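Below is target12.csv, which holds CSV, C-alpha atoms.
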chain,number,residue,atom,x,y,z
A,1,MET,CA,-11.3,107.6,75.0
A,2,ARG,CA,-9.3,110.8,75.4
A,3,HIS,CA,-5.8,110.3,76.8
A,4,GLU,CA,-5.1,112.3,79.9
A,5,SER,CA,-1.7,113.1,81.2
A,6,PRO,CA,-0.6,111.8,84.7
A,7,GLN,CA,-0.7,115.4,85.9
A,8,ASP,CA,-4.5,115.3,85.4
A,9,HIS,CA,-4.8,112.3,87.7
A,10,PRO,CA,-6.5,113.3,91.0
A,11,ASN,CA,-4.0,111.5,93.2
A,12,VAL,CA,-0.5,111.2,91.7
A,13,GLU,CA,1.7,109.2,94.0
A,14,PRO,CA,3.8,106.0,93.8
A,15,SER,CA,1.0,103.8,95.2
A,16,ASN,CA,-1.1,104.6,92.1
A,17,MET,CA,1.7,103.7,89.6
A,18,LEU,CA,1.6,100.5,87.6
A,19,PHE,CA,5.1,99.7,86.3
A,20,LEU,CA,5.6,97.2,83.5
A,21,ASP,CA,8.6,95.8,81.7
A,22,GLU,CA,10.1,92.8,80.0
A,23,CYS,CA,13.5,91.1,80.6
A,24,TYR,CA,15.6,88.4,79.1
A,25,ILE,CA,16.6,85.8,81.6
A,26,CYS,CA,19.3,83.2,80.9
A,27,VAL,CA,20.0,80.3,83.2
A,28,GLY,CA,23.6,80.0,82.2
A,29,LYS,CA,25.8,77.8,80.1
A,30,TYR,CA,26.8,74.3,81.0
A,31,PHE,CA,29.5,72.1,79.4
A,32,ASN,CA,29.9,68.7,77.9
A,33,HIS,CA,33.3,67.1,78.5
A,34,GLN,CA,34.3,65.2,75.4
A,35,ASN,CA,37.4,63.3,74.5
A,36,GLU,CA,39.9,65.3,72.3
A,37,ARG,CA,42.3,63.5,70.0
A,38,CYS,CA,45.9,64.1,71.2
A,39,TYR,CA,49.3,62.3,70.8
A,40,GLY,CA,51.9,61.3,73.4
A,41,TYR,CA,54.2,58.4,74.3
A,42,SER,CA,51.6,57.1,76.8
A,43,LEU,CA,48.2,58.2,78.2
A,44,GLU,CA,49.8,58.9,81.5
A,45,THR,CA,52.1,61.5,80.1
A,46,ILE,CA,49.2,63.6,78.7
A,47,SER,CA,47.7,66.1,81.0
A,48,ASP,CA,43.9,65.9,81.7
A,49,GLY,CA,43.6,69.4,80.3
A,50,LYS,CA,44.6,68.1,76.9
A,51,LYS,CA,42.7,64.8,77.1
A,52,PHE,CA,39.3,66.5,77.4
A,53,LYS,CA,37.8,69.5,75.8
A,54,GLN,CA,34.8,71.5,77.1
A,55,PHE,CA,32.1,72.2,74.5
A,56,PRO,CA,29.5,74.8,75.7
A,57,LYS,CA,25.9,74.0,75.3
A,58,THR,CA,23.4,76.6,74.2
A,59,ALA,CA,22.2,78.6,77.2
A,60,LEU,CA,18.5,78.2,78.1
A,61,GLY,CA,16.6,81.4,78.4
A,62,ALA,CA,13.3,83.1,78.2
A,63,MET,CA,11.7,86.5,77.7
A,64,VAL,CA,9.5,87.5,80.6
A,65,PHE,CA,7.0,90.3,80.9
A,66,GLY,CA,5.3,91.5,84.0
A,67,ALA,CA,3.9,94.5,85.9
A,68,VAL,CA,4.1,95.5,89.6
A,69,TYR,CA,1.9,97.7,91.6
A,70,PHE,CA,2.1,98.8,95.2
A,71,PHE,CA,-0.4,96.1,96.3
A,72,GLY,CA,0.2,93.4,93.8
A,73,GLN,CA,1.7,91.9,90.6
A,74,SER,CA,0.4,90.9,87.3
A,75,PRO,CA,0.7,87.3,86.1
A,76,LEU,CA,4.1,86.7,84.5
A,77,VAL,CA,4.2,86.2,80.8
A,78,VAL,CA,7.0,83.8,79.7
A,79,LEU,CA,8.0,83.6,76.1
A,80,LYS,CA,10.6,81.4,74.5
A,81,SER,CA,14.1,83.0,74.0
A,82,GLY,CA,14.9,84.2,70.5
A,83,LEU,CA,11.4,85.7,70.1
A,84,SER,CA,11.7,89.4,69.5
A,85,LEU,CA,9.2,91.4,71.5
A,86,ILE,CA,7.8,93.2,68.5
A,87,GLN,CA,4.9,95.5,68.8
A,88,HIS,CA,2.1,93.1,68.0
A,89,ILE,CA,3.5,90.5,70.4
A,90,CYS,CA,3.9,93.2,73.1
A,91,LYS,CA,0.3,94.3,72.6
A,92,ASP,CA,-1.5,90.9,72.1
A,93,SER,CA,0.6,88.5,74.3
A,94,CYS,CA,1.7,90.9,77.1
A,95,LEU,CA,-0.4,94.1,77.4
A,96,LYS,CA,-3.8,92.6,76.7
A,97,PRO,CA,-3.6,89.8,79.3
A,98,MET,CA,-2.1,92.2,81.8
A,99,LEU,CA,-4.8,94.9,81.4
A,100,GLU,CA,-7.6,92.2,81.5
A,101,ASP,CA,-6.3,90.9,84.8
A,102,LEU,CA,-4.9,93.9,86.7
A,103,PRO,CA,-3.4,92.9,90.1
A,104,TYR,CA,-5.4,93.0,93.3
A,105,GLY,CA,-8.5,94.7,91.7
A,106,LEU,CA,-6.5,97.7,90.4
A,107,LYS,CA,-8.8,99.5,88.0
A,108,ALA,CA,-7.6,101.0,84.7
A,109,ASN,CA,-9.1,104.3,85.6
A,110,SER,CA,-7.2,104.6,88.9
A,111,ALA,CA,-3.7,103.7,87.8
A,112,ILE,CA,-0.9,105.6,86.1
A,113,LEU,CA,1.0,103.2,83.8
A,114,TYR,CA,4.8,103.5,83.3
A,115,GLN,CA,6.9,101.7,80.8
A,116,ASP,CA,10.4,102.4,79.3
A,117,LYS,CA,11.4,103.5,75.8
A,118,ALA,CA,11.9,100.0,74.3
A,119,PRO,CA,11.0,100.1,70.6
A,120,CYS,CA,8.0,97.8,71.1
A,121,HIS,CA,6.6,100.1,73.8
A,122,ALA,CA,7.2,103.3,71.8
A,123,SER,CA,5.5,101.9,68.6
A,124,GLY,CA,2.4,103.7,67.4
A,125,THR,CA,0.4,100.5,67.7
A,126,VAL,CA,1.1,100.1,71.4
A,127,GLN,CA,0.8,103.8,72.2
A,128,ALA,CA,-2.7,103.8,70.5
A,129,PHE,CA,-3.7,100.7,72.3
A,130,LEU,CA,-2.8,102.2,75.7
A,131,LYS,CA,-4.7,105.4,74.9
A,132,GLU,CA,-7.8,103.3,74.3
A,133,LYS,CA,-7.5,101.0,77.3
A,134,ILE,CA,-6.1,103.1,80.1
A,135,PRO,CA,-6.8,106.8,80.7
A,136,TYR,CA,-3.6,107.6,82.5
A,137,PHE,CA,-0.2,106.5,81.2
A,138,ILE,CA,3.1,108.3,80.7
A,139,PRO,CA,3.6,108.6,76.9
A,140,ASP,CA,6.9,107.7,75.2
A,141,THR,CA,7.7,111.4,74.5
A,142,ASP,CA,7.7,112.1,78.3
A,143,ILE,CA,10.1,109.3,79.2
A,144,PRO,CA,13.8,110.1,79.5
A,145,LEU,CA,16.3,108.1,77.3
A,146,ASN,CA,17.7,106.3,80.4
A,147,SER,CA,14.3,105.3,81.7
A,148,PRO,CA,15.4,101.9,83.2
A,149,ASP,CA,16.6,104.2,86.1
A,150,LEU,CA,13.0,104.9,86.8
A,151,ASN,CA,11.5,101.4,86.7
A,152,PRO,CA,11.5,99.3,89.9
A,153,LEU,CA,11.4,96.2,87.7
A,154,ASP,CA,14.8,97.2,86.2
A,155,TYR,CA,16.5,98.5,89.3
A,156,CYS,CA,15.2,95.9,91.7
A,157,VAL,CA,12.7,93.2,90.8
A,158,TRP,CA,14.3,91.6,87.8
A,159,SER,CA,17.6,91.2,89.6
A,160,LEU,CA,15.9,89.5,92.5
A,161,LEU,CA,14.0,87.2,90.1
A,162,LYS,CA,17.2,86.1,88.4
A,163,GLU,CA,18.8,85.4,91.8
A,164,ARG,CA,15.9,83.2,92.8
A,165,VAL,CA,16.0,81.3,89.5
A,166,ASN,CA,19.7,80.7,89.7
A,167,ASN,CA,19.2,79.0,93.1
A,168,HIS,CA,17.6,76.1,91.2
A,169,GLY,CA,20.9,75.1,89.5
A,170,LEU,CA,20.9,73.8,85.9
A,171,ILE,CA,17.6,73.8,84.2
A,172,PHE,CA,17.4,71.8,81.0
A,173,SER,CA,13.9,72.4,79.6
A,174,PHE,CA,11.9,75.5,78.7
A,175,ASP,CA,8.7,74.1,80.4
A,176,ARG,CA,10.5,73.7,83.7
A,177,LEU,CA,12.1,77.1,83.4
A,178,ALA,CA,8.7,78.7,82.7
A,179,LYS,CA,7.2,77.0,85.8
A,180,ILE,CA,10.2,78.1,88.0
A,181,LEU,CA,10.0,81.6,86.7
A,182,LYS,CA,6.2,81.9,87.4
A,183,ASP,CA,6.6,80.3,90.9
A,184,GLU,CA,9.5,82.5,91.9
A,185,TRP,CA,7.8,85.6,90.5
A,186,GLY,CA,4.8,84.9,92.7
A,187,ALA,CA,7.0,84.2,95.7
A,188,ILE,CA,8.6,87.7,95.7
A,189,LEU,CA,7.6,89.4,98.9
A,190,GLN,CA,5.2,92.3,98.3
A,191,GLN,CA,7.1,94.3,100.9
A,192,VAL,CA,10.2,94.2,98.6
A,193,ILE,CA,8.1,95.5,95.7
A,194,GLN,CA,6.6,98.2,97.9
A,195,ASP,CA,10.1,99.3,99.1
A,196,SER,CA,11.3,99.5,95.5
A,197,ILE,CA,8.2,101.5,94.4
A,198,ASN,CA,8.6,103.8,97.5
A,199,SER,CA,12.1,104.6,96.2
A,200,TRP,CA,10.7,105.6,92.8
A,201,MET,CA,10.3,109.3,93.6
A,202,SER,CA,13.9,109.6,94.8
A,203,GLN,CA,14.9,108.0,91.5
A,204,VAL,CA,12.8,110.6,89.6
A,205,ARG,CA,14.5,113.4,91.5
A,206,LYS,CA,18.0,112.1,90.7
A,207,VAL,CA,17.1,111.9,87.0
A,208,GLU,CA,15.7,115.4,87.1
A,209,LYS,CA,18.9,116.6,88.8
A,210,ALA,CA,20.9,114.9,86.1
A,211,ARG,CA,18.7,116.5,83.4
A,212,GLY,CA,17.5,113.2,82.1
A,213,SER,CA,21.0,111.6,82.0
A,214,HIS,CA,22.0,108.2,83.4
A,215,ILE,CA,22.2,107.8,87.1
A,216,GLU,CA,24.0,105.2,89.2
Show me this structure written as structure tokens.
Amino acid sequence: MRHESPQDHPNVEPSNMLFLDECYICVGKYFNHQNERCYGYSLETISDGKKFKQFPKTALGAMVFGAVYFFGQSPLVVLKSGLSLIQHICKDSCLKPMLEDLPYGLKANSAILYQDKAPCHASGTVQAFLKEKIPYFIPDTDIPLNSPDLNPLDYCVWSLLKERVNNHGLIFSFDRLAKILKDEWGAILQQVIQDSINSWMSQVRKVEKARGSHIE
């Protein structure tokens, strides 16, 4: 399949954009209070701050991957933390399932795909896979270095997902975290996603004005 640039698309507008990205989500550290050996004339003369010591537990986290579109979302892929999103994982575990189950009936030949310049996205394997599977996508060479400024997932959706997950308090197992992430992802209002995508063109104009540099 010949790759075509977004400029060749018959109807280039935000409602035709499919934004995808990944994000590391950490649910925060928690502490075990353990006795610390200390010396004094009596227990009462030793302050509580010296009797006990806080030992941080390893924070629980996950790597998530998803895509948003004006009328829907892809299923959320949740991977265990510590797993680097290298090119074959990006292609086989993230992109393939997403393109096989595009949200709300979106067709590969009617969408313009946008991703940032993460190394796994820019790899030759992933770029070749996208050329084969989707006619219109913005290639790595056309994406500015500060591309998170241009992805609604980065400037809106991931922050909202983190806030919703944090409302669940401490989470002690990956299985529970994965379920909460998928539930909260699905509960994000489509209007919020639409509003973030509607602001995309203004973000583009700001980056153009800054000549591709970072914007606030």
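Shortest atom-to-atom contact with A:Val204 among A:Leu79, A:Ile188, A:Ile86, A:Ile143: A:Ile143, counting all atoms listed in the file.
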Restrict the calculation to only C-alpha atoms, then for each residue of stretch 89-118 of chain A with any atom at most 6 Å from an atom of stretch 134-140 of chain A give the closest atom pair and their distance in Å to one decimal, rows by chain and rising residue number, as CSV.
residue,atom,partner,partner_atom,distance
A:Ala108,CA,A:Ile134,CA,5.3
A:Asn109,CA,A:Pro135,CA,6.0
A:Ile112,CA,A:Tyr136,CA,4.9
A:Leu113,CA,A:Phe137,CA,4.4
A:Tyr114,CA,A:Ile138,CA,5.7
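In this model, the gap between atom CA of A:Ala67 and atom CA of A:Glu208 comes to 24.0 Å.
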(request) State, in Å with one decimal place, the distance from atom CA of A:Leu189 to atom CA of A:Ser15. (result) 16.3 Å
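Remark: for A:Ile25, the closest of the candidate residues A:Glu132, A:Glu163, A:Asp175, A:Asp195 is A:Glu163 (distances computed over only C-alpha atoms).
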(request) Using atom CA of A:Gly186 and atom CA of A:Lys96 as the two end points, give the distance in Å to one decimal. (result) 19.7 Å
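Closest approach to A:Asp101 from the set A:Leu76, A:Ala122, A:Met63, A:Ile197 is made by A:Leu76, with distances taken over only C-alpha atoms.
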(message) If we draw a sphere of 12 Å around (10.0, 97.0, 95.7), which residues have at least one atom in it when counting all atoms listed in the file? Please report them as an NGL selection string.
(response) :A and (14-15 or 19 or 67-73 or 151-161 or 188-200)
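With only C-alpha atoms as the atoms that count, the residue of A:Asn16, A:Asn167, A:Ser93, A:Ser173 with the shortest distance to A:Lys107 is A:Asn16.
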(message) Taking 4 positions as the minimum chain separation for residues in the same chain, which residues sit within 12 Å of A:Pro97 when counting only C-alpha atoms? Answer as a PyMOL selection string.
(response) chain A and resi 65-67+74-77+89-93+101-103
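Closest approach to A:Val78 among A:Gly61, A:Lys131, A:Ala210, A:Met17 is made by A:Gly61 (distances from only C-alpha atoms).
Residue nearest A:Leu99 within the list A:Lys179, A:Asp116, A:Leu18, A:Arg164: A:Leu18 [criterion: smallest interatomic distance, only C-alpha atoms].
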